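A.B. asks: This is the structure I want to talk about, given as structure tokens.
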Amino acid sequence: MVTIAVCAETKKDSVWITNGYAGLKLTQVSFTNWATGGDNAFAFDLQGTYQADYKHNKHIWQNRIELSYGLNKTKSEITKKTSDKIYLNSNYGYEIYKRLYLSALLNFQSQFTRGYDYGVNPDVYVSQFMAPGYLMTGIGFTWIPNKFFTAVLSPAAWRGTFVLNDRLSDEGAYGVKPGKRLLSEFGANLKLEGRYEFLKNMTLYSRLDLYSDYLRKPQNVDINWEVQINMVINKWFSTTLTTNMVYDDDVKITLSDGRKVKRVQFKELLGVGLQFNF
């Protein structure tokens with residue numbers, strides 16, 4: 001396994017603070033006349049994150065992008081996707097009180113390619129770019145008590161779930177009505193975001209999103225909680241751990257017996273390898 005990463009944190013004059021990383025994880029296993037058995041395998045995972053924060057006088061503008069894509073191939077099985085993510089977030093605020101800002105939020109999430117539920121049917125895709133795609137915009141308040149933590153409350157937030165695929169749309173996937181391509185919701189969103197170096201060269205980033213639709217089952221709160229831990233071992237090596245827990249009342253998981261039920265979704269990714277910092 002080899003991970004090649006580039007990390008950076010820079011300051012542009014006194015109003016911009018930027019930080020980010022880009023990495024490539026490679027895994028390769030080969031067997032020849034191996035008595036105890038095994039399967040040749042190759043995998044890669046691309047990851048990138050970039051954040052640019054602007055602060056000047058009473059104005060703030062926070063921007064974040066996260067991208068990832070990974071595949072795994074073994075000799076005996078088909079190529080399988082292991083990660084696929086597009087996340088874009090922008091938040092502008094104007095200070096109305098000490099560390100409290102009147103703000104506007106714009107957020108977009110989707111994926112690059114088709115996804116399959118390999119445990120149910122590896123030949124039928126269950127997702128693709130913009131199926132689903134999530135777009136949210138809202139106005140409210142941003143509170144930044146210190147450099148480690150940000151809370152964004154948007155009591156007036158519109159969220160659109162797009163399913164721009166005929167078959168998935170006809171099936172009513174991801175909460176849209178059968179045959180429709182958009183689920184439109186209006187409610188409240190709370191985003192809690194923190195970034196803290198709790199030990200030297202060990203950084204924790206956590207983001208929790210809570211959304212409630214005023215017009216339809218407001219008691220059912222959608223949850224998206226992501227945690228990223230980056231541990232720099234030395235100048236060349238690092239370890240990254242990412243977890244993501246999701247609960248969406250509109251998303252149903254297909255079981256092996258064909259039933260579709262609501263479930264908590266969880267994903268974990270651990271990578272250890274070579275890292276270059278500058």
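Residues in the structure tokens are numbered from 1 in each chain, the chains being A, B, ... in the order shown, and ligands are numbered from 1 in the order shown.
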Find the spatial neighbours of Thr254 of chain A, counting only C-alpha atoms, within a cut-off of 9 Å - ignore same-chain residues fewer than 6 positions away - and output them as number ranges by chain.
C.D. replies: A: 117, 120, 260-262
A.B. asks: Mind dumping the selected residues with N, CA, C and O atoms as a short mmCIF file (atom, residue, chain, number, x, y, z; two decimals), in the first residue's frame?
C.D. replies:
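Contents of out.cif, freshly written:
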data_model
loop_
_atom_site.label_atom_id
_atom_site.label_comp_id
_atom_site.auth_asym_id
_atom_site.auth_seq_id
_atom_site.Cartn_x
_atom_site.Cartn_y
_atom_site.Cartn_z
N ASP A 117 -25.01 -1.78 -5.56
CA ASP A 117 -25.11 -2.51 -4.30
C ASP A 117 -24.64 -3.94 -4.58
O ASP A 117 -25.43 -4.79 -5.00
N VAL A 120 -26.48 -7.07 -3.23
CA VAL A 120 -27.83 -7.39 -3.70
C VAL A 120 -27.82 -7.77 -5.17
O VAL A 120 -28.23 -8.86 -5.55
N LYS A 260 -37.29 -3.09 1.03
CA LYS A 260 -36.65 -1.79 1.12
C LYS A 260 -37.02 -1.15 2.44
O LYS A 260 -38.20 -0.95 2.74
N VAL A 261 -36.00 -0.87 3.25
CA VAL A 261 -36.23 -0.38 4.61
C VAL A 261 -35.33 0.82 4.90
O VAL A 261 -34.32 1.05 4.22
N LYS A 262 -35.71 1.58 5.92
CA LYS A 262 -34.89 2.71 6.37
C LYS A 262 -33.81 2.18 7.30
O LYS A 262 -34.07 1.38 8.19
#
A.B. asks: If we count only C-alpha atoms and set the cut-off at 7 Å, which residues sit around segment 70-84 of chain A, ignoring sequence neighbours fewer than 3 positions away in its own chain? Please answer as a PyMOL selection string.
C.D. replies: chain A and resi 39-46+111-112+115
A.B. asks: Since we have the selection now, will you write its residues out, keeping N, CA, C and O atoms, as a PDB file, in the first residue's frame?
C.D. replies:
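Writing the result to result.pdb gives the following:
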ATOM      1  N   ASP A  39      -5.834 -14.040  -3.749  1.00  0.00           N
ATOM      2  CA  ASP A  39      -6.390 -13.530  -4.993  1.00  0.00           C
ATOM      3  C   ASP A  39      -5.651 -12.250  -5.356  1.00  0.00           C
ATOM      4  O   ASP A  39      -5.517 -11.340  -4.522  1.00  0.00           O
ATOM      5  N   ASN A  40      -5.156 -12.183  -6.576  1.00  0.00           N
ATOM      6  CA  ASN A  40      -4.493 -10.969  -7.038  1.00  0.00           C
ATOM      7  C   ASN A  40      -5.465  -9.793  -6.950  1.00  0.00           C
ATOM      8  O   ASN A  40      -6.642  -9.912  -7.305  1.00  0.00           O
ATOM      9  N   ALA A  41      -4.955  -8.652  -6.514  1.00  0.00           N
ATOM     10  CA  ALA A  41      -5.837  -7.509  -6.313  1.00  0.00           C
ATOM     11  C   ALA A  41      -5.081  -6.210  -6.556  1.00  0.00           C
ATOM     12  O   ALA A  41      -3.856  -6.126  -6.352  1.00  0.00           O
ATOM     13  N   PHE A  42      -5.835  -5.210  -7.007  1.00  0.00           N
ATOM     14  CA  PHE A  42      -5.287  -3.866  -7.172  1.00  0.00           C
ATOM     15  C   PHE A  42      -6.365  -2.863  -6.786  1.00  0.00           C
ATOM     16  O   PHE A  42      -7.541  -3.035  -7.135  1.00  0.00           O
ATOM     17  N   ALA A  43      -5.983  -1.824  -6.067  1.00  0.00           N
ATOM     18  CA  ALA A  43      -6.951  -0.816  -5.639  1.00  0.00           C
ATOM     19  C   ALA A  43      -6.279   0.549  -5.607  1.00  0.00           C
ATOM     20  O   ALA A  43      -5.070   0.659  -5.365  1.00  0.00           O
ATOM     21  N   PHE A  44      -7.074   1.563  -5.855  1.00  0.00           N
ATOM     22  CA  PHE A  44      -6.571   2.924  -5.688  1.00  0.00           C
ATOM     23  C   PHE A  44      -7.671   3.790  -5.112  1.00  0.00           C
ATOM     24  O   PHE A  44      -8.862   3.515  -5.272  1.00  0.00           O
ATOM     25  N   ASP A  45      -7.273   4.858  -4.440  1.00  0.00           N
ATOM     26  CA  ASP A  45      -8.218   5.802  -3.863  1.00  0.00           C
ATOM     27  C   ASP A  45      -7.625   7.203  -3.964  1.00  0.00           C
ATOM     28  O   ASP A  45      -6.534   7.464  -3.460  1.00  0.00           O
ATOM     29  N   LEU A  46      -8.345   8.093  -4.641  1.00  0.00           N
ATOM     30  CA  LEU A  46      -7.943   9.491  -4.778  1.00  0.00           C
ATOM     31  C   LEU A  46      -8.764  10.324  -3.809  1.00  0.00           C
ATOM     32  O   LEU A  46      -9.987  10.171  -3.727  1.00  0.00           O
ATOM     33  N   GLN A 111     -21.958  12.596  -6.753  1.00  0.00           N
ATOM     34  CA  GLN A 111     -20.885  11.639  -6.990  1.00  0.00           C
ATOM     35  C   GLN A 111     -20.533  11.662  -8.469  1.00  0.00           C
ATOM     36  O   GLN A 111     -21.250  12.230  -9.286  1.00  0.00           O
ATOM     37  N   PHE A 112     -19.401  11.024  -8.824  1.00  0.00           N
ATOM     38  CA  PHE A 112     -18.907  11.085 -10.198  1.00  0.00           C
ATOM     39  C   PHE A 112     -19.541  10.036 -11.118  1.00  0.00           C
ATOM     40  O   PHE A 112     -19.911  10.334 -12.244  1.00  0.00           O
ATOM     41  N   GLY A 115     -23.077   3.864  -9.050  1.00  0.00           N
ATOM     42  CA  GLY A 115     -22.788   3.035  -7.889  1.00  0.00           C
ATOM     43  C   GLY A 115     -23.684   1.811  -7.873  1.00  0.00           C
ATOM     44  O   GLY A 115     -24.828   1.849  -8.359  1.00  0.00           O
TER      45      GLY A 115
END
A.B. asks: Applying 6 Å and only C-alpha atoms, which residues near Glu185 of chain A remain after dropping the ones on its own chain fewer than 6 positions away? List them as number ranges by chain.
C.D. replies: A: 158-159, 213
A.B. asks: Taking the backbone alone, and naming residues the way the document does, which bits of segment 5-248 of chain A are strand (DSSP E) by DSSP, as a ChimeraX atom specification?
C.D. replies: /A:5-12,16-29,41-56,59-74,80-97,100-110,115-116,125-127,133-146,149-162,182-199,202-213,222-232,237-247
A.B. asks: With 12 Å as the cut-off and only C-alpha atoms counted, what is the closest atom pair between each nearby residue of segment 18-55 of chain A and segment 227-231 of chain A? Distances in Å to one decimal, ordered by chain and number, as CSV.
C.D. replies:
residue,atom,partner,partner_atom,distance
A:Gly20,CA,A:Asn230,CA,11.8
A:Tyr21,CA,A:Asn230,CA,10.6
A:Thr49,CA,A:Gln228,CA,11.0
A.B. asks: Only N, CA, C and O atoms, please: the residues just picked out, written as a PDB file, in the first residue's frame.
C.D. replies:
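Okay, this is what ended up in result.pdb:
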ATOM      1  N   GLY A  20      -5.249  22.592   2.566  1.00  0.00           N
ATOM      2  CA  GLY A  20      -5.783  21.491   1.780  1.00  0.00           C
ATOM      3  C   GLY A  20      -4.789  20.369   1.615  1.00  0.00           C
ATOM      4  O   GLY A  20      -3.629  20.475   2.024  1.00  0.00           O
ATOM      5  N   TYR A  21      -5.261  19.282   1.024  1.00  0.00           N
ATOM      6  CA  TYR A  21      -4.394  18.152   0.737  1.00  0.00           C
ATOM      7  C   TYR A  21      -4.952  17.393  -0.461  1.00  0.00           C
ATOM      8  O   TYR A  21      -6.140  17.472  -0.787  1.00  0.00           O
ATOM      9  N   THR A  49      -8.998  17.659  -0.519  1.00  0.00           N
ATOM     10  CA  THR A  49      -9.779  18.622   0.252  1.00  0.00           C
ATOM     11  C   THR A  49      -9.099  19.981   0.167  1.00  0.00           C
ATOM     12  O   THR A  49      -7.866  20.067   0.246  1.00  0.00           O
TER      13      THR A  49
END
A.B. asks: Which one of A:Gln51, A:Asn244, A:Ser206, A:Gln219 sits closest to Asn19 of chain A if you count only C-alpha atoms?
C.D. replies: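 Closest to Asn19 of chain A of all the choices is A:Gln51.
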A.B. asks: Go through A:Thr27, A:Gly194, A:Tyr94, A:Glu226 one by one, measure the shortest atom-to-atom distance of each to Asn146 of chain A using only C-alpha atoms, and give the residue with the smallest value.
C.D. replies: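 Ranked by minimum distance to Asn146 of chain A, first place goes to A:Gly194.
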A.B. asks: Can you tell me how far atom CA of Trp143 of chain A sits from atom CA of Gln109 of chain A, in Å to one decimal?
C.D. replies: 23.4 Å
A.B. asks: Using only C-alpha atoms, find the one residue out of A:Ile144, A:Ile253, A:Ile17, A:Leu102 that sits nearest to Gly175 of chain A.
C.D. replies: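 Closest to Gly175 of chain A of all the choices is A:Ile253.
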A.B. asks: My list of candidates is A:Ile65, A:Leu88, A:Ala151, A:Leu190. Which is closest to Gly133 of chain A when distances are computed with only C-alpha atoms?
C.D. replies: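 Answer, going by the shortest atom-to-atom distance: A:Leu88.
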A.B. asks: I'd like the contact shell of His59 of chain A - 12 Å cut-off, only C-alpha atoms, skipping same-chain residues fewer than 4 positions apart - returned as an mmCIF file with all heavy atoms, in the first residue's frame.
C.D. replies:
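out-v5.cif was written with the following content:
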data_model
loop_
_atom_site.group_PDB
_atom_site.id
_atom_site.type_symbol
_atom_site.label_atom_id
_atom_site.label_comp_id
_atom_site.auth_asym_id
_atom_site.auth_seq_id
_atom_site.Cartn_x
_atom_site.Cartn_y
_atom_site.Cartn_z
ATOM 1 N N VAL A 15 -6.221 38.453 4.908
ATOM 2 C CA VAL A 15 -7.662 38.217 4.840
ATOM 3 C C VAL A 15 -8.018 36.795 4.416
ATOM 4 O O VAL A 15 -9.132 36.337 4.661
ATOM 5 C CB VAL A 15 -8.343 39.230 3.893
ATOM 6 C CG1 VAL A 15 -8.161 40.649 4.414
ATOM 7 C CG2 VAL A 15 -7.797 39.099 2.483
ATOM 8 N N TRP A 16 -7.113 36.073 3.767
ATOM 9 C CA TRP A 16 -7.377 34.707 3.327
ATOM 10 C C TRP A 16 -6.540 33.710 4.124
ATOM 11 O O TRP A 16 -5.352 33.905 4.320
ATOM 12 C CB TRP A 16 -7.039 34.532 1.845
ATOM 13 C CG TRP A 16 -8.067 35.074 0.902
ATOM 14 C CD1 TRP A 16 -8.035 36.266 0.250
ATOM 15 C CD2 TRP A 16 -9.282 34.431 0.514
ATOM 16 N NE1 TRP A 16 -9.151 36.411 -0.523
ATOM 17 C CE2 TRP A 16 -9.938 35.297 -0.394
ATOM 18 C CE3 TRP A 16 -9.877 33.213 0.830
ATOM 19 C CZ2 TRP A 16 -11.165 34.986 -0.971
ATOM 20 C CZ3 TRP A 16 -11.095 32.906 0.250
ATOM 21 C CH2 TRP A 16 -11.728 33.776 -0.637
ATOM 22 N N ASP A 53 -10.813 30.414 3.502
ATOM 23 C CA ASP A 53 -11.630 31.251 4.375
ATOM 24 C C ASP A 53 -11.174 32.703 4.280
ATOM 25 O O ASP A 53 -9.984 33.005 4.418
ATOM 26 C CB ASP A 53 -11.524 30.776 5.827
ATOM 27 C CG ASP A 53 -12.126 29.391 6.023
ATOM 28 O OD1 ASP A 53 -12.954 28.991 5.188
ATOM 29 O OD2 ASP A 53 -11.753 28.720 7.001
ATOM 30 N N TYR A 54 -12.142 33.581 4.069
ATOM 31 C CA TYR A 54 -11.894 35.020 3.950
ATOM 32 C C TYR A 54 -12.489 35.723 5.162
ATOM 33 O O TYR A 54 -13.617 35.440 5.564
ATOM 34 C CB TYR A 54 -12.538 35.533 2.664
ATOM 35 C CG TYR A 54 -12.520 37.036 2.483
ATOM 36 C CD1 TYR A 54 -11.474 37.671 1.825
ATOM 37 C CD2 TYR A 54 -13.574 37.823 2.957
ATOM 38 C CE1 TYR A 54 -11.461 39.047 1.638
ATOM 39 C CE2 TYR A 54 -13.577 39.196 2.785
ATOM 40 C CZ TYR A 54 -12.524 39.801 2.119
ATOM 41 O OH TYR A 54 -12.513 41.170 1.940
ATOM 42 N N LYS A 55 -11.716 36.659 5.732
ATOM 43 C CA LYS A 55 -12.223 37.461 6.852
ATOM 44 C C LYS A 55 -11.616 38.847 6.773
ATOM 45 O O LYS A 55 -10.395 38.998 6.794
ATOM 46 C CB LYS A 55 -11.874 36.815 8.198
ATOM 47 C CG LYS A 55 -12.547 37.498 9.393
ATOM 48 C CD LYS A 55 -12.222 36.791 10.700
ATOM 49 C CE LYS A 55 -13.047 37.362 11.847
ATOM 50 N NZ LYS A 55 -12.855 38.813 12.041
ATOM 51 N N ASN A 91 -20.228 29.629 2.405
ATOM 52 C CA ASN A 91 -21.008 30.329 3.425
ATOM 53 C C ASN A 91 -20.483 31.757 3.569
ATOM 54 O O ASN A 91 -19.312 31.963 3.874
ATOM 55 C CB ASN A 91 -20.917 29.590 4.762
ATOM 56 C CG ASN A 91 -21.754 30.248 5.849
ATOM 57 O OD1 ASN A 91 -22.935 30.515 5.648
ATOM 58 N ND2 ASN A 91 -21.154 30.512 6.995
ATOM 59 N N TYR A 92 -21.362 32.722 3.322
ATOM 60 C CA TYR A 92 -20.998 34.137 3.474
ATOM 61 C C TYR A 92 -21.712 34.719 4.686
ATOM 62 O O TYR A 92 -22.891 34.413 4.936
ATOM 63 C CB TYR A 92 -21.384 34.939 2.225
ATOM 64 C CG TYR A 92 -21.310 36.436 2.465
ATOM 65 C CD1 TYR A 92 -20.084 37.104 2.456
ATOM 66 C CD2 TYR A 92 -22.464 37.174 2.749
ATOM 67 C CE1 TYR A 92 -20.007 38.473 2.717
ATOM 68 C CE2 TYR A 92 -22.401 38.528 3.006
ATOM 69 C CZ TYR A 92 -21.177 39.177 2.984
ATOM 70 O OH TYR A 92 -21.097 40.526 3.259
ATOM 71 N N GLY A 93 -21.000 35.571 5.447
ATOM 72 C CA GLY A 93 -21.606 36.178 6.614
ATOM 73 C C GLY A 93 -21.196 37.624 6.814
ATOM 74 O O GLY A 93 -20.087 38.037 6.428
ATOM 75 N N TYR A 94 -22.102 38.390 7.433
ATOM 76 C CA TYR A 94 -21.841 39.786 7.791
ATOM 77 C C TYR A 94 -22.079 39.936 9.284
ATOM 78 O O TYR A 94 -23.154 39.587 9.799
ATOM 79 C CB TYR A 94 -22.751 40.737 7.009
ATOM 80 C CG TYR A 94 -22.495 42.200 7.308
ATOM 81 C CD1 TYR A 94 -21.447 42.882 6.692
ATOM 82 C CD2 TYR A 94 -23.286 42.885 8.236
ATOM 83 C CE1 TYR A 94 -21.206 44.217 6.973
ATOM 84 C CE2 TYR A 94 -23.049 44.216 8.529
ATOM 85 C CZ TYR A 94 -22.009 44.881 7.897
ATOM 86 O OH TYR A 94 -21.755 46.208 8.191
ATOM 87 N N GLU A 95 -21.089 40.428 10.003
ATOM 88 C CA GLU A 95 -21.142 40.482 11.458
ATOM 89 C C GLU A 95 -22.176 41.485 11.939
ATOM 90 O O GLU A 95 -22.153 42.660 11.570
ATOM 91 C CB GLU A 95 -19.764 40.842 12.026
ATOM 92 C CG GLU A 95 -19.669 40.678 13.529
ATOM 93 C CD GLU A 95 -18.250 40.851 14.036
ATOM 94 O OE1 GLU A 95 -17.473 41.582 13.382
ATOM 95 O OE2 GLU A 95 -17.912 40.270 15.088
ATOM 96 N N ILE A 96 -23.096 41.004 12.790
ATOM 97 C CA ILE A 96 -24.116 41.864 13.368
ATOM 98 C C ILE A 96 -23.918 42.022 14.873
ATOM 99 O O ILE A 96 -24.510 42.919 15.493
ATOM 100 C CB ILE A 96 -25.522 41.313 13.087
ATOM 101 C CG1 ILE A 96 -25.664 39.879 13.610
ATOM 102 C CG2 ILE A 96 -25.829 41.382 11.594
ATOM 103 C CD1 ILE A 96 -27.065 39.300 13.453
ATOM 104 N N TYR A 97 -23.125 41.146 15.436
ATOM 105 C CA TYR A 97 -22.763 41.210 16.844
ATOM 106 C C TYR A 97 -21.433 40.494 16.978
ATOM 107 O O TYR A 97 -21.005 39.794 16.057
ATOM 108 C CB TYR A 97 -23.848 40.569 17.724
ATOM 109 C CG TYR A 97 -23.660 40.792 19.204
ATOM 110 C CD1 TYR A 97 -23.845 42.055 19.765
ATOM 111 C CD2 TYR A 97 -23.297 39.743 20.039
ATOM 112 C CE1 TYR A 97 -23.665 42.269 21.122
ATOM 113 C CE2 TYR A 97 -23.122 39.939 21.403
ATOM 114 C CZ TYR A 97 -23.296 41.209 21.939
ATOM 115 O OH TYR A 97 -23.099 41.419 23.276
ATOM 116 N N ARG A 99 -18.789 38.124 16.911
ATOM 117 C CA ARG A 99 -18.654 36.726 16.502
ATOM 118 C C ARG A 99 -19.962 36.103 16.013
ATOM 119 O O ARG A 99 -20.032 34.885 15.824
ATOM 120 C CB ARG A 99 -18.065 35.882 17.637
ATOM 121 C CG ARG A 99 -16.673 36.331 18.060
ATOM 122 C CD ARG A 99 -16.181 35.557 19.251
ATOM 123 N NE ARG A 99 -14.859 36.013 19.671
ATOM 124 C CZ ARG A 99 -14.245 35.619 20.774
ATOM 125 N NH1 ARG A 99 -14.837 34.748 21.572
ATOM 126 N NH2 ARG A 99 -13.054 36.089 21.088
ATOM 127 N N LEU A 100 -20.987 36.910 15.810
ATOM 128 C CA LEU A 100 -22.254 36.436 15.281
ATOM 129 C C LEU A 100 -22.527 37.125 13.946
ATOM 130 O O LEU A 100 -22.472 38.349 13.847
ATOM 131 C CB LEU A 100 -23.393 36.713 16.256
ATOM 132 C CG LEU A 100 -24.784 36.211 15.832
ATOM 133 C CD1 LEU A 100 -24.812 34.682 15.761
ATOM 134 C CD2 LEU A 100 -25.851 36.721 16.806
ATOM 135 N N TYR A 101 -22.843 36.333 12.913
ATOM 136 C CA TYR A 101 -22.968 36.856 11.556
ATOM 137 C C TYR A 101 -24.328 36.495 10.975
ATOM 138 O O TYR A 101 -24.838 35.388 11.183
ATOM 139 C CB TYR A 101 -21.885 36.252 10.650
ATOM 140 C CG TYR A 101 -20.471 36.534 11.101
ATOM 141 C CD1 TYR A 101 -19.878 35.770 12.107
ATOM 142 C CD2 TYR A 101 -19.723 37.553 10.518
ATOM 143 C CE1 TYR A 101 -18.568 36.025 12.523
ATOM 144 C CE2 TYR A 101 -18.423 37.816 10.917
ATOM 145 C CZ TYR A 101 -17.850 37.038 11.926
ATOM 146 O OH TYR A 101 -16.560 37.298 12.329
ATOM 147 N N LEU A 102 -24.924 37.439 10.249
ATOM 148 C CA LEU A 102 -26.049 37.140 9.391
ATOM 149 C C LEU A 102 -25.482 36.493 8.141
ATOM 150 O O LEU A 102 -24.575 37.049 7.508
ATOM 151 C CB LEU A 102 -26.800 38.424 9.032
ATOM 152 C CG LEU A 102 -28.063 38.270 8.179
ATOM 153 C CD1 LEU A 102 -29.126 37.498 8.944
ATOM 154 C CD2 LEU A 102 -28.583 39.636 7.752
ATOM 155 N N SER A 103 -25.977 35.313 7.753
ATOM 156 C CA SER A 103 -25.249 34.537 6.743
ATOM 157 C C SER A 103 -26.172 33.897 5.722
ATOM 158 O O SER A 103 -27.384 33.753 5.933
ATOM 159 C CB SER A 103 -24.399 33.456 7.414
ATOM 160 O OG SER A 103 -25.205 32.540 8.143
ATOM 161 N N ALA A 104 -25.559 33.500 4.599
ATOM 162 C CA ALA A 104 -26.240 32.771 3.530
ATOM 163 C C ALA A 104 -25.376 31.573 3.155
ATOM 164 O O ALA A 104 -24.154 31.682 3.022
ATOM 165 C CB ALA A 104 -26.466 33.676 2.325
ATOM 166 N N THR A 142 -24.456 32.616 11.514
ATOM 167 C CA THR A 142 -23.213 31.884 11.722
ATOM 168 C C THR A 142 -22.548 32.403 12.988
ATOM 169 O O THR A 142 -22.401 33.610 13.176
ATOM 170 C CB THR A 142 -22.256 32.066 10.531
ATOM 171 O OG1 THR A 142 -22.848 31.502 9.355
ATOM 172 C CG2 THR A 142 -20.919 31.367 10.781
#
A.B. asks: May I ask which of the residues A:Lys147, A:Arg263, A:Lys98, A:Lys58 is the closest one to Asp222 of chain A, counting only C-alpha atoms?
C.D. replies: A:Arg263
A.B. asks: Rank nothing, just name the residue among A:Ala173, A:Val246, A:Ile233, A:Val272 nearest to Asp209 of chain A, using only C-alpha atoms.
C.D. replies: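 Of A:Ala173, A:Val246, A:Ile233, A:Val272, the one nearest Asp209 of chain A is A:Val246, counting only C-alpha atoms.
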A.B. asks: Between atom CA of Tyr134 of chain A and atom CA of Leu105 of chain A, what is the distance, to one decimal in Å?
C.D. replies: 13.5 Å
A.B. asks: Could you please determine the separation between atom CA of Gly258 of chain A and atom CA of Asp170 of chain A in Å, to one decimal place?
C.D. replies: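 Atom CA of Gly258 of chain A sits 17.4 Å away from atom CA of Asp170 of chain A.
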